[in-house]
file entry07.cif (mmCIF, C-alpha atoms)
data_my_file
loop_
_atom_site.group_PDB
_atom_site.id
_atom_site.type_symbol
_atom_site.label_atom_id
_atom_site.label_comp_id
_atom_site.auth_asym_id
_atom_site.auth_seq_id
_atom_site.Cartn_x
_atom_site.Cartn_y
_atom_site.Cartn_z
ATOM 1 C CA MET A 1 73.566 -45.453 -24.990
ATOM 2 C CA PHE A 2 70.876 -47.145 -22.899
ATOM 3 C CA ILE A 3 67.272 -45.957 -23.199
ATOM 4 C CA GLN A 4 64.795 -46.990 -20.537
ATOM 5 C CA THR A 5 61.080 -47.322 -21.244
ATOM 6 C CA GLU A 6 58.197 -46.749 -18.867
ATOM 7 C CA ALA A 7 54.525 -47.507 -19.232
ATOM 8 C CA THR A 8 52.107 -44.617 -18.806
ATOM 9 C CA PRO A 9 48.474 -44.657 -17.629
ATOM 10 C CA ASN A 10 47.561 -44.286 -21.311
ATOM 11 C CA PRO A 11 47.876 -47.749 -22.919
ATOM 12 C CA ASN A 12 48.565 -46.082 -26.276
ATOM 13 C CA ALA A 13 51.534 -44.038 -25.003
ATOM 14 C CA LEU A 14 54.978 -45.155 -23.925
ATOM 15 C CA LYS A 15 57.690 -43.056 -22.286
ATOM 16 C CA PHE A 16 61.318 -43.369 -23.452
ATOM 17 C CA LEU A 17 64.098 -42.073 -21.157
ATOM 18 C CA PRO A 18 67.442 -41.620 -22.972
ATOM 19 C CA GLY A 19 69.329 -40.659 -19.797
ATOM 20 C CA ARG A 20 69.989 -37.091 -20.974
ATOM 21 C CA ASP A 21 68.174 -33.800 -21.458
ATOM 22 C CA VAL A 22 65.610 -33.879 -24.243
ATOM 23 C CA ALA A 23 63.731 -30.558 -24.075
ATOM 24 C CA PRO A 24 64.847 -28.877 -20.829
ATOM 25 C CA GLN A 25 63.713 -25.360 -21.807
ATOM 26 C CA ALA A 26 60.163 -26.055 -23.000
ATOM 27 C CA VAL A 27 58.112 -29.174 -23.653
ATOM 28 C CA LEU A 28 57.151 -29.787 -27.272
ATOM 29 C CA GLU A 29 54.299 -31.757 -28.813
ATOM 30 C CA TYR A 30 53.728 -32.914 -32.371
ATOM 31 C CA ARG A 31 50.389 -34.432 -33.390
ATOM 32 C CA THR A 32 50.901 -34.684 -37.155
ATOM 33 C CA ILE A 33 53.707 -35.406 -39.592
ATOM 34 C CA ASP A 34 53.389 -31.819 -40.853
ATOM 35 C CA GLU A 35 53.985 -30.393 -37.364
ATOM 36 C CA ALA A 36 56.858 -32.868 -36.895
ATOM 37 C CA ALA A 37 58.781 -31.247 -39.767
ATOM 38 C CA ALA A 38 60.036 -28.764 -37.145
ATOM 39 C CA SER A 39 62.020 -31.516 -35.417
ATOM 40 C CA PRO A 40 64.318 -34.097 -37.026
ATOM 41 C CA LEU A 41 63.589 -36.575 -34.210
ATOM 42 C CA ALA A 42 59.806 -36.114 -34.296
ATOM 43 C CA GLU A 43 59.836 -36.386 -38.089
ATOM 44 C CA ALA A 44 61.803 -39.653 -37.978
ATOM 45 C CA LEU A 45 59.427 -41.078 -35.353
ATOM 46 C CA PHE A 46 56.361 -40.159 -37.422
ATOM 47 C CA GLU A 47 57.850 -42.071 -40.353
ATOM 48 C CA LEU A 48 57.418 -45.281 -38.320
ATOM 49 C CA GLU A 49 54.184 -47.201 -38.811
ATOM 50 C CA GLY A 50 51.579 -46.543 -36.128
ATOM 51 C CA VAL A 51 53.077 -43.397 -34.554
ATOM 52 C CA GLU A 52 50.278 -40.913 -33.873
ATOM 53 C CA GLY A 53 51.929 -38.416 -31.541
ATOM 54 C CA VAL A 54 55.344 -37.370 -30.206
ATOM 55 C CA PHE A 55 55.944 -35.390 -27.033
ATOM 56 C CA PHE A 56 59.298 -34.150 -25.730
ATOM 57 C CA GLY A 57 59.564 -33.578 -21.982
ATOM 58 C CA ALA A 58 62.573 -32.290 -20.087
ATOM 59 C CA ASP A 59 64.282 -35.697 -20.023
ATOM 60 C CA TYR A 60 62.015 -38.041 -21.961
ATOM 61 C CA VAL A 61 60.275 -38.737 -25.253
ATOM 62 C CA SER A 62 56.672 -39.911 -25.091
ATOM 63 C CA VAL A 63 55.304 -41.669 -28.169
ATOM 64 C CA THR A 64 51.601 -42.259 -28.754
ATOM 65 C CA ARG A 65 50.572 -45.067 -31.060
ATOM 66 C CA ALA A 66 47.433 -45.357 -33.155
ATOM 67 C CA ALA A 67 44.789 -47.357 -31.282
ATOM 68 C CA HIS A 68 44.294 -49.705 -34.220
ATOM 69 C CA GLY A 69 47.901 -49.844 -35.368
ATOM 70 C CA PRO A 70 50.746 -52.200 -34.501
ATOM 71 C CA ASP A 71 51.182 -53.093 -30.836
ATOM 72 C CA TRP A 72 54.103 -52.014 -28.668
ATOM 73 C CA SER A 73 55.972 -55.306 -29.156
ATOM 74 C CA GLU A 74 56.325 -54.410 -32.860
ATOM 75 C CA MET A 75 56.935 -50.676 -32.393
ATOM 76 C CA LYS A 76 59.323 -50.502 -29.448
ATOM 77 C CA ALA A 77 62.571 -51.574 -31.173
ATOM 78 C CA PRO A 78 62.221 -49.221 -34.168
ATOM 79 C CA ILE A 79 61.365 -46.309 -31.843
ATOM 80 C CA LEU A 80 64.395 -47.055 -29.642
ATOM 81 C CA SER A 81 66.580 -47.183 -32.751
ATOM 82 C CA VAL A 82 65.334 -43.802 -34.034
ATOM 83 C CA ILE A 83 65.824 -42.138 -30.636
ATOM 84 C CA MET A 84 69.309 -43.606 -30.216
ATOM 85 C CA ASP A 85 70.368 -42.636 -33.756
ATOM 86 C CA HIS A 86 69.166 -39.082 -33.182
ATOM 87 C CA PHE A 87 71.078 -38.517 -29.942
ATOM 88 C CA VAL A 88 74.248 -40.224 -31.190
ATOM 89 C CA SER A 89 74.204 -38.059 -34.341
ATOM 90 C CA GLY A 90 74.229 -34.842 -32.313
ATOM 91 C CA ALA A 91 71.441 -33.370 -34.479
ATOM 92 C CA PRO A 92 69.370 -30.613 -32.866
ATOM 93 C CA LEU A 93 65.975 -31.466 -31.400
ATOM 94 C CA VAL A 94 64.359 -28.579 -33.290
ATOM 95 C CA ARG A 95 65.537 -27.120 -36.569
ATOM 96 C CA ALA A 96 66.913 -23.601 -36.077
ATOM 97 C CA ASP A 97 64.550 -22.040 -38.619
ATOM 98 C CA GLU A 98 61.555 -23.603 -36.858
ATOM 99 C CA ALA A 99 62.295 -22.372 -33.339
ATOM 100 C CA ALA A 100 59.439 -20.165 -32.204
ATOM 101 C CA SER A 101 59.138 -17.933 -29.192
ATOM 102 C CA GLU A 102 56.026 -17.690 -27.085
ATOM 103 C CA ASP A 103 54.510 -14.249 -26.733
ATOM 104 C CA ALA A 104 53.326 -14.032 -23.153
ATOM 105 C CA GLY A 105 50.980 -11.282 -22.098
ATOM 106 C CA GLU A 106 50.478 -9.830 -18.643
ATOM 107 C CA ASP A 107 48.678 -12.251 -16.288
ATOM 108 C CA THR A 108 46.174 -11.248 -13.632
ATOM 109 C CA GLU A 109 47.029 -12.152 -10.046
ATOM 110 C CA ILE A 110 44.658 -15.160 -10.112
ATOM 111 C CA VAL A 111 46.041 -16.460 -13.420
ATOM 112 C CA ALA A 112 49.602 -16.074 -12.105
ATOM 113 C CA GLU A 113 48.609 -18.055 -8.995
ATOM 114 C CA ILE A 114 47.015 -20.787 -11.156
ATOM 115 C CA LYS A 115 50.091 -21.028 -13.386
ATOM 116 C CA GLY A 116 52.380 -21.144 -10.355
ATOM 117 C CA LEU A 117 50.401 -24.025 -8.860
ATOM 118 C CA LEU A 118 50.422 -25.851 -12.196
ATOM 119 C CA ASP A 119 54.200 -25.436 -12.499
ATOM 120 C CA SER A 120 55.095 -26.333 -8.919
ATOM 121 C CA ARG A 121 52.690 -29.132 -8.028
ATOM 122 C CA ILE A 122 50.744 -30.485 -10.978
ATOM 123 C CA ARG A 123 53.028 -30.514 -14.011
ATOM 124 C CA PRO A 124 55.819 -32.492 -12.275
ATOM 125 C CA ALA A 125 53.336 -35.222 -11.332
ATOM 126 C CA VAL A 126 51.838 -35.321 -14.829
ATOM 127 C CA ALA A 127 55.345 -35.423 -16.356
ATOM 128 C CA GLN A 128 56.020 -38.664 -14.467
ATOM 129 C CA ASP A 129 53.260 -40.216 -16.577
ATOM 130 C CA GLY A 130 54.828 -38.984 -19.828
ATOM 131 C CA GLY A 131 52.633 -35.945 -20.391
ATOM 132 C CA ASP A 132 52.061 -32.335 -19.611
ATOM 133 C CA ILE A 133 49.229 -30.039 -18.635
ATOM 134 C CA LEU A 134 49.035 -26.444 -19.802
ATOM 135 C CA PHE A 135 47.017 -23.416 -18.841
ATOM 136 C CA ASP A 136 44.598 -22.448 -21.622
ATOM 137 C CA HIS A 137 42.113 -19.932 -20.162
ATOM 138 C CA PHE A 138 40.522 -18.845 -16.899
ATOM 139 C CA ASP A 139 37.104 -17.184 -16.943
ATOM 140 C CA GLU A 140 37.084 -14.930 -13.887
ATOM 141 C CA GLU A 141 33.289 -14.434 -14.086
ATOM 142 C CA THR A 142 32.362 -18.143 -13.983
ATOM 143 C CA GLY A 143 35.476 -19.532 -12.289
ATOM 144 C CA VAL A 144 35.959 -22.118 -15.041
ATOM 145 C CA LEU A 145 39.594 -23.065 -15.645
ATOM 146 C CA ARG A 146 40.417 -24.646 -19.004
ATOM 147 C CA LEU A 147 43.527 -26.779 -19.278
ATOM 148 C CA ARG A 148 45.146 -28.621 -22.175
ATOM 149 C CA MET A 149 46.535 -32.148 -21.725
ATOM 150 C CA ARG A 150 49.525 -33.107 -23.881
ATOM 151 C CA GLY A 151 51.736 -36.101 -24.525
ATOM 152 C CA ALA A 152 50.676 -39.380 -22.943
ATOM 153 C CA CYS A 153 47.938 -37.551 -21.031
ATOM 154 C CA SER A 154 46.168 -36.428 -24.196
ATOM 155 C CA GLY A 155 43.539 -39.043 -24.935
ATOM 156 C CA CYS A 156 44.365 -41.057 -21.827
ATOM 157 C CA PRO A 157 41.329 -42.852 -20.401
ATOM 158 C CA SER A 158 42.139 -41.577 -16.903
ATOM 159 C CA SER A 159 42.794 -37.932 -17.878
ATOM 160 C CA SER A 160 39.251 -36.775 -17.067
ATOM 161 C CA ALA A 161 39.488 -38.432 -13.649
ATOM 162 C CA THR A 162 42.884 -36.791 -13.109
ATOM 163 C CA LEU A 163 41.420 -33.393 -13.960
ATOM 164 C CA LYS A 164 38.331 -33.725 -11.770
ATOM 165 C CA ALA A 165 39.627 -35.695 -8.785
ATOM 166 C CA GLY A 166 43.136 -34.309 -8.606
ATOM 167 C CA VAL A 167 43.631 -31.033 -10.410
ATOM 168 C CA GLU A 168 40.205 -29.511 -9.765
ATOM 169 C CA GLN A 169 40.319 -30.339 -6.047
ATOM 170 C CA MET A 170 43.792 -28.881 -5.659
ATOM 171 C CA MET A 171 42.951 -25.748 -7.640
ATOM 172 C CA ARG A 172 39.746 -25.143 -5.687
ATOM 173 C CA HIS A 173 41.643 -25.593 -2.416
ATOM 174 C CA TYR A 174 44.500 -23.186 -3.228
ATOM 175 C CA VAL A 175 42.659 -20.818 -5.593
ATOM 176 C CA PRO A 176 39.069 -20.463 -4.318
ATOM 177 C CA GLU A 177 38.105 -18.430 -7.388
ATOM 178 C CA VAL A 178 38.312 -21.658 -9.449
ATOM 179 C CA THR A 179 34.892 -23.351 -9.488
ATOM 180 C CA SER A 180 35.607 -26.105 -12.027
ATOM 181 C CA VAL A 181 38.271 -27.440 -14.370
ATOM 182 C CA GLU A 182 37.632 -28.469 -17.971
ATOM 183 C CA GLN A 183 39.832 -30.048 -20.587
ATOM 184 C CA VAL A 184 40.392 -28.295 -23.909
ATOM 185 C CA LEU A 185 41.010 -30.658 -26.791
#

call {"tool": "encode", "arguments": {"input": "entry07.cif", "output": "structure tokens"}}
result
Amino acid sequence: MFIQTEATPNPNALKFLPGRDVAPQAVLEYRTIDEAAASPLAEALFELEGVEGVFFGADYVSVTRAAHGPDWSEMKAPILSVIMDHFVSGAPLVRADEAASEDAGEDTEIVAEIKGLLDSRIRPAVAQDGGDILFDHFDEETGVLRLRMRGACSGCPSSSATLKAGVEQMMRHYVPEVTSVEQVL
């Protein structure tokens, strides 16, 4: 098994591409060792020194390191080993008893339009950088759209510029009801 690595705009996040599906149904993010207990792979990655976050995209694993921890030259080989061991073992990505379903409510027409634009144009671009962007809330009275950055995009120095220069402009162009975009932490 050959796993490629790619840099992301976030210097503290690295993208690992195992050449197979990782989480094709829904992206998953783990920010603590306690959350990582839901996934054998995330749990094993968190056991490595310096791992601060794990994100599973459709075909990649994004690992975020602690800013003051070991550098990538020390962390890369152990991370590659954990990822390879997991996929060779055939273990599930998420433990069966931890699988949760999302309860989706009825969206307004504007919210549906926002989510459609996120899914078709924005999320694929953000995924190339090892992250994800999710709808959080839209206030129809003020026009403020709140989005949540995940994976390599969470805590990335350029994420606020991405939101303002890219996402906000696109949203305002296609969905005039959106007046501004804010990041939810």

call {"tool": "closest_atom_pairs", "arguments": {"input": "entry07.cif", "of": "stretch 138-162 of chain A", "to": "stretch 123-127 of chain A", "cutoff": "12 Å", "atoms": "only C-alpha atoms", "output": "CSV"}}
result
residue,atom,partner,partner_atom,distance
A:Leu147,CA,A:Arg123,CA,11.5
A:Arg148,CA,A:Arg123,CA,11.5
A:Met149,CA,A:Val126,CA,9.3
A:Arg150,CA,A:Val126,CA,9.6
A:Gly151,CA,A:Ala127,CA,9.0
A:Ala152,CA,A:Ala127,CA,9.0
A:Cys153,CA,A:Val126,CA,7.7
A:Ser154,CA,A:Val126,CA,11.0
A:Cys156,CA,A:Val126,CA,11.7
A:Ser158,CA,A:Val126,CA,11.7
A:Ser159,CA,A:Val126,CA,9.9
A:Thr162,CA,A:Val126,CA,9.2

call {"tool": "closest_residue", "arguments": {"input": "entry07.cif", "among": "A:Glu182, A:Asp136, A:Glu52, A:Glu35", "to": "A:Val167", "atoms": "all atoms listed in the file"}}
result
A:Glu182

call {"tool": "residues_near_point", "arguments": {"input": "entry07.cif", "point": "(43.3, -22.7, -5.8)", "cutoff": "12 Å", "atoms": "only C-alpha atoms", "output": "short mmCIF file (atom, residue, chain, number, x, y, z; two decimals) with C-alpha atoms, in the frame of the given file"}}
result
data_model
loop_
_atom_site.label_atom_id
_atom_site.label_comp_id
_atom_site.auth_asym_id
_atom_site.auth_seq_id
_atom_site.Cartn_x
_atom_site.Cartn_y
_atom_site.Cartn_z
CA GLU A 109 47.03 -12.15 -10.05
CA ILE A 110 44.66 -15.16 -10.11
CA VAL A 111 46.04 -16.46 -13.42
CA ALA A 112 49.60 -16.07 -12.10
CA GLU A 113 48.61 -18.06 -8.99
CA ILE A 114 47.02 -20.79 -11.16
CA LYS A 115 50.09 -21.03 -13.39
CA GLY A 116 52.38 -21.14 -10.36
CA LEU A 117 50.40 -24.02 -8.86
CA LEU A 118 50.42 -25.85 -12.20
CA ARG A 121 52.69 -29.13 -8.03
CA ILE A 122 50.74 -30.48 -10.98
CA GLY A 143 35.48 -19.53 -12.29
CA VAL A 144 35.96 -22.12 -15.04
CA LEU A 145 39.59 -23.06 -15.64
CA GLY A 166 43.14 -34.31 -8.61
CA VAL A 167 43.63 -31.03 -10.41
CA GLU A 168 40.20 -29.51 -9.76
CA GLN A 169 40.32 -30.34 -6.05
CA MET A 170 43.79 -28.88 -5.66
CA MET A 171 42.95 -25.75 -7.64
CA ARG A 172 39.75 -25.14 -5.69
CA HIS A 173 41.64 -25.59 -2.42
CA TYR A 174 44.50 -23.19 -3.23
CA VAL A 175 42.66 -20.82 -5.59
CA PRO A 176 39.07 -20.46 -4.32
CA GLU A 177 38.10 -18.43 -7.39
CA VAL A 178 38.31 -21.66 -9.45
CA THR A 179 34.89 -23.35 -9.49
CA SER A 180 35.61 -26.10 -12.03
CA VAL A 181 38.27 -27.44 -14.37
#

call {"tool": "closest_residue", "arguments": {"input": "entry07.cif", "among": "A:Glu47, A:Asp34, A:Glu6, A:Asp119", "to": "A:Asp132", "atoms": "all atoms listed in the file"}}
result
A:Asp119

call {"tool": "closest_residue", "arguments": {"input": "entry07.cif", "among": "A:Asp21, A:Leu45, A:Asn10, A:Leu163", "to": "A:Ser81", "atoms": "all atoms listed in the file"}}
result
A:Leu45

call {"tool": "decode", "arguments": {"input": "entry07.cif", "residues": "stretch 30-45 of chain A", "atoms": "all heavy atoms", "output": "JSON list (two decimals), in the first residue's frame"}}
result
[["chain", "number", "residue", "atom", "x", "y", "z"],
["A", 30, "TYR", "N", -12.46, 14.55, 14.50],
["A", 30, "TYR", "CA", -12.21, 14.26, 15.91],
["A", 30, "TYR", "C", -11.19, 15.27, 16.42],
["A", 30, "TYR", "O", -10.10, 15.40, 15.86],
["A", 30, "TYR", "CB", -11.67, 12.83, 16.07],
["A", 30, "TYR", "CG", -12.62, 11.81, 15.49],
["A", 30, "TYR", "CD1", -12.44, 11.29, 14.21],
["A", 30, "TYR", "CD2", -13.73, 11.39, 16.22],
["A", 30, "TYR", "CE1", -13.33, 10.38, 13.68],
["A", 30, "TYR", "CE2", -14.63, 10.47, 15.69],
["A", 30, "TYR", "CZ", -14.42, 9.98, 14.42],
["A", 30, "TYR", "OH", -15.31, 9.08, 13.89],
["A", 31, "ARG", "N", -11.56, 16.00, 17.47],
["A", 31, "ARG", "CA", -10.69, 17.03, 18.02],
["A", 31, "ARG", "C", -10.06, 16.64, 19.35],
["A", 31, "ARG", "O", -9.19, 17.34, 19.84],
["A", 31, "ARG", "CB", -11.46, 18.33, 18.19],
["A", 31, "ARG", "CG", -11.88, 18.94, 16.88],
["A", 31, "ARG", "CD", -12.61, 20.22, 17.09],
["A", 31, "ARG", "NE", -12.81, 20.91, 15.83],
["A", 31, "ARG", "CZ", -13.09, 22.17, 15.73],
["A", 31, "ARG", "NH1", -13.22, 22.92, 16.80],
["A", 31, "ARG", "NH2", -13.26, 22.72, 14.55],
["A", 32, "THR", "N", -10.52, 15.56, 19.94],
["A", 32, "THR", "CA", -9.96, 15.10, 21.22],
["A", 32, "THR", "C", -9.83, 13.59, 21.21],
["A", 32, "THR", "O", -10.50, 12.90, 20.43],
["A", 32, "THR", "CB", -10.87, 15.49, 22.41],
["A", 32, "THR", "OG1", -12.10, 14.76, 22.32],
["A", 32, "THR", "CG2", -11.15, 16.99, 22.46],
["A", 33, "ILE", "N", -9.01, 13.08, 22.11],
["A", 33, "ILE", "CA", -8.85, 11.63, 22.25],
["A", 33, "ILE", "C", -10.17, 10.99, 22.67],
["A", 33, "ILE", "O", -10.48, 9.87, 22.25],
["A", 33, "ILE", "CB", -7.71, 11.28, 23.22],
["A", 33, "ILE", "CG1", -7.44, 9.76, 23.25],
["A", 33, "ILE", "CG2", -8.00, 11.78, 24.63],
["A", 33, "ILE", "CD1", -6.64, 9.24, 22.12],
["A", 34, "ASP", "N", -10.98, 11.69, 23.46],
["A", 34, "ASP", "CA", -12.27, 11.14, 23.87],
["A", 34, "ASP", "C", -13.21, 10.96, 22.69],
["A", 34, "ASP", "O", -13.87, 9.94, 22.55],
["A", 34, "ASP", "CB", -12.93, 12.02, 24.94],
["A", 34, "ASP", "CG", -12.16, 11.99, 26.26],
["A", 34, "ASP", "OD1", -11.45, 11.00, 26.52],
["A", 34, "ASP", "OD2", -12.27, 12.97, 27.01],
["A", 35, "GLU", "N", -13.27, 11.97, 21.81],
["A", 35, "GLU", "CA", -14.09, 11.85, 20.60],
["A", 35, "GLU", "C", -13.57, 10.73, 19.71],
["A", 35, "GLU", "O", -14.34, 10.01, 19.08],
["A", 35, "GLU", "CB", -14.07, 13.16, 19.80],
["A", 35, "GLU", "CG", -14.80, 14.32, 20.43],
["A", 35, "GLU", "CD", -14.68, 15.60, 19.59],
["A", 35, "GLU", "OE1", -14.07, 15.58, 18.50],
["A", 35, "GLU", "OE2", -15.19, 16.63, 20.05],
["A", 36, "ALA", "N", -12.23, 10.59, 19.66],
["A", 36, "ALA", "CA", -11.60, 9.61, 18.78],
["A", 36, "ALA", "C", -11.91, 8.17, 19.16],
["A", 36, "ALA", "O", -11.70, 7.25, 18.36],
["A", 36, "ALA", "CB", -10.09, 9.82, 18.76],
["A", 37, "ALA", "N", -12.44, 7.94, 20.35],
["A", 37, "ALA", "CA", -12.79, 6.58, 20.78],
["A", 37, "ALA", "C", -13.83, 5.95, 19.84],
["A", 37, "ALA", "O", -13.95, 4.73, 19.79],
["A", 37, "ALA", "CB", -13.31, 6.60, 22.21],
["A", 38, "ALA", "N", -14.53, 6.77, 19.08],
["A", 38, "ALA", "CA", -15.53, 6.27, 18.13],
["A", 38, "ALA", "C", -14.90, 5.60, 16.92],
["A", 38, "ALA", "O", -15.55, 4.87, 16.19],
["A", 38, "ALA", "CB", -16.44, 7.42, 17.68],
["A", 39, "SER", "N", -13.61, 5.87, 16.68],
["A", 39, "SER", "CA", -12.94, 5.36, 15.49],
["A", 39, "SER", "C", -11.60, 4.72, 15.86],
["A", 39, "SER", "O", -10.74, 5.39, 16.43],
["A", 39, "SER", "CB", -12.70, 6.51, 14.51],
["A", 39, "SER", "OG", -11.79, 6.13, 13.50],
["A", 40, "PRO", "N", -11.40, 3.46, 15.49],
["A", 40, "PRO", "CA", -10.11, 2.82, 15.78],
["A", 40, "PRO", "C", -8.93, 3.57, 15.15],
["A", 40, "PRO", "O", -7.88, 3.71, 15.77],
["A", 40, "PRO", "CB", -10.25, 1.42, 15.18],
["A", 40, "PRO", "CG", -11.72, 1.18, 15.05],
["A", 40, "PRO", "CD", -12.34, 2.53, 14.86],
["A", 41, "LEU", "N", -9.11, 4.07, 13.94],
["A", 41, "LEU", "CA", -8.02, 4.80, 13.27],
["A", 41, "LEU", "C", -7.75, 6.13, 13.95],
["A", 41, "LEU", "O", -6.60, 6.47, 14.22],
["A", 41, "LEU", "CB", -8.34, 5.00, 11.78],
["A", 41, "LEU", "CG", -7.31, 5.81, 10.98],
["A", 41, "LEU", "CD1", -5.90, 5.22, 11.13],
["A", 41, "LEU", "CD2", -7.71, 5.88, 9.52],
["A", 42, "ALA", "N", -8.79, 6.90, 14.24],
["A", 42, "ALA", "CA", -8.59, 8.19, 14.91],
["A", 42, "ALA", "C", -7.95, 7.98, 16.28],
["A", 42, "ALA", "O", -7.04, 8.72, 16.67],
["A", 42, "ALA", "CB", -9.92, 8.92, 15.05],
["A", 43, "GLU", "N", -8.41, 6.97, 17.00],
["A", 43, "GLU", "CA", -7.86, 6.69, 18.32],
["A", 43, "GLU", "C", -6.36, 6.37, 18.24],
["A", 43, "GLU", "O", -5.56, 6.88, 19.03],
["A", 43, "GLU", "CB", -8.62, 5.52, 18.94],
["A", 43, "GLU", "CG", -8.35, 5.30, 20.39],
["A", 43, "GLU", "CD", -9.30, 4.26, 20.98],
["A", 43, "GLU", "OE1", -9.56, 3.22, 20.34],
["A", 43, "GLU", "OE2", -9.79, 4.52, 22.09],
["A", 44, "ALA", "N", -5.98, 5.54, 17.28],
["A", 44, "ALA", "CA", -4.57, 5.19, 17.11],
["A", 44, "ALA", "C", -3.73, 6.42, 16.73],
["A", 44, "ALA", "O", -2.60, 6.57, 17.19],
["A", 44, "ALA", "CB", -4.43, 4.09, 16.05],
["A", 45, "LEU", "N", -4.29, 7.30, 15.91],
["A", 45, "LEU", "CA", -3.55, 8.51, 15.54],
["A", 45, "LEU", "C", -3.38, 9.44, 16.73],
["A", 45, "LEU", "O", -2.32, 10.03, 16.92],
["A", 45, "LEU", "CB", -4.26, 9.23, 14.38],
["A", 45, "LEU", "CG", -4.17, 8.52, 13.03],
["A", 45, "LEU", "CD1", -5.15, 9.12, 12.03],
["A", 45, "LEU", "CD2", -2.74, 8.57, 12.49]]
